[in-house]
Amino acid sequence: EDQVTQSPEALRLQEGESSSLNCSYTVSGLRGLFWYRQDPGKGPEFLFTLYSAGEEKEKERLKATLTKKESFLHITAPKPEDSATYLCAVLLPGQNFVFGPGTRLSVLP
Amino acid sequence: NAGVTQTPKFQVLKTGQSMTLQCAQDMNHNSMYWYRQDPGMGLRLIYYSASEGTTDKGEVPNGYNVSRLNKREFSLRLESAAPSQTSVYFCASRPGLRSYNEQFFGPGTRLTVL
């Protein structure tokens, strides 16, 4: 069964305290791994797409990496405005997306 | 561009009532999707439409029907609502089926079934 898990479920950081979020997947075929940010009461907003092991992408304080079984979202020197739920999703060969449950990030000033 | 719009934003139904959730996109995207989001379970795919004129079941299609009315619009219908369908529903669109095509999401419809 295709499965995507994320850890931790929730994370509280002080402003400037760097950390990483994990997305692990067990799927029959990976066509892409996507990271999204979701603010309360809103729809997810696209951050990154990764395709192959070893790939990395960066955007401001965020960097996403991919291995054969997991992806990490590294947050460097976070600010309170980075507080949100971060979702990862895998794209399967049948055009289905499977989402993880998300990590709720709180960055305290 | 408005992006992906959904109506209504909120809805309360009684068990057994029916309703249609509307979704429209103005980005000329080919593919459209319906998800439900429940606490602790992430987004689960209900139905999707790879292109105008086609629809396919996702992970949790039971109790739902969809219509791809045209390239812009993709509606989700609950024929006989049940309390288990209380959820937040998101519509998404995607330019096409290339691996690098990300999804663009609407703001969601919050549905409560009593």
# chains A, B, ... in the order shown; residues from 1 in each chain; ligands from 1
>>> interface_residues(of="chain A", to="chain B", cutoff="9 Å", atoms="only C-alpha atoms", output="list in words")
Glu9, Arg31, Gly32, Phe34, Gly41, Lys42, Gly43, Pro44, Glu45, Phe46, Phe48, Thr49, Leu50, Tyr51, Leu87, Leu91, Gln95, Asn96, Phe97, Val98, Phe99, Gly100, Pro101 and Gly102 of chain A
>>> residues_around(residues="B:Ser84", least_positions_apart="5", cutoff="10 Å", atoms="only C-alpha atoms", output="number ranges by chain")
B: 15, 63, 112-114
>>> residues_around(residues="A:Glu70", least_positions_apart="4", cutoff="8 Å", atoms="only C-alpha atoms", output="MDAnalysis selection string")
chainID A and resid 22:25 66
>>> select_by_dssp(residues="chain B", states="strand (DSSP E or B)", output="PyMOL selection string")
chain B and resi 4-7+10-13+19-25+31-38+42-49+56-57+64-68+73-78+87-94+104-105+109-113
>>> residues_around(residues="A:Leu73", least_positions_apart="3", cutoff="7 Å", atoms="only C-alpha atoms", output="list in words")
Ser20, Leu21, Asn22, Leu62, Lys63, Ala64 and Thr65 of chain A
>>> closest_residue(among="B:Thr5, B:Asn30, B:Gln11, B:Gln22", to="B:Gln85", atoms="only C-alpha atoms")
B:Gln11
>>> atom_distance(atom1="atom CA of A:Val107", atom2="atom CA of A:Gly54")
28.2 Å
>>> atom_distance(atom1="atom CA of A:Pro93", atom2="atom CA of A:Leu30")
7.0 Å
>>> residues_around(residues="B:Lys71", least_positions_apart="6", cutoff="12 Å", atoms="only C-alpha atoms", output="list in words")
Cys23, Ala24, Gln25, Asp26, Met27, Asn28, His29, Asn30, Ser31, Met32, Ser49, Ala50, Ser51, Glu52, Gly53, Thr54, Ser93, Arg94, Pro95 and Gly96 of chain B
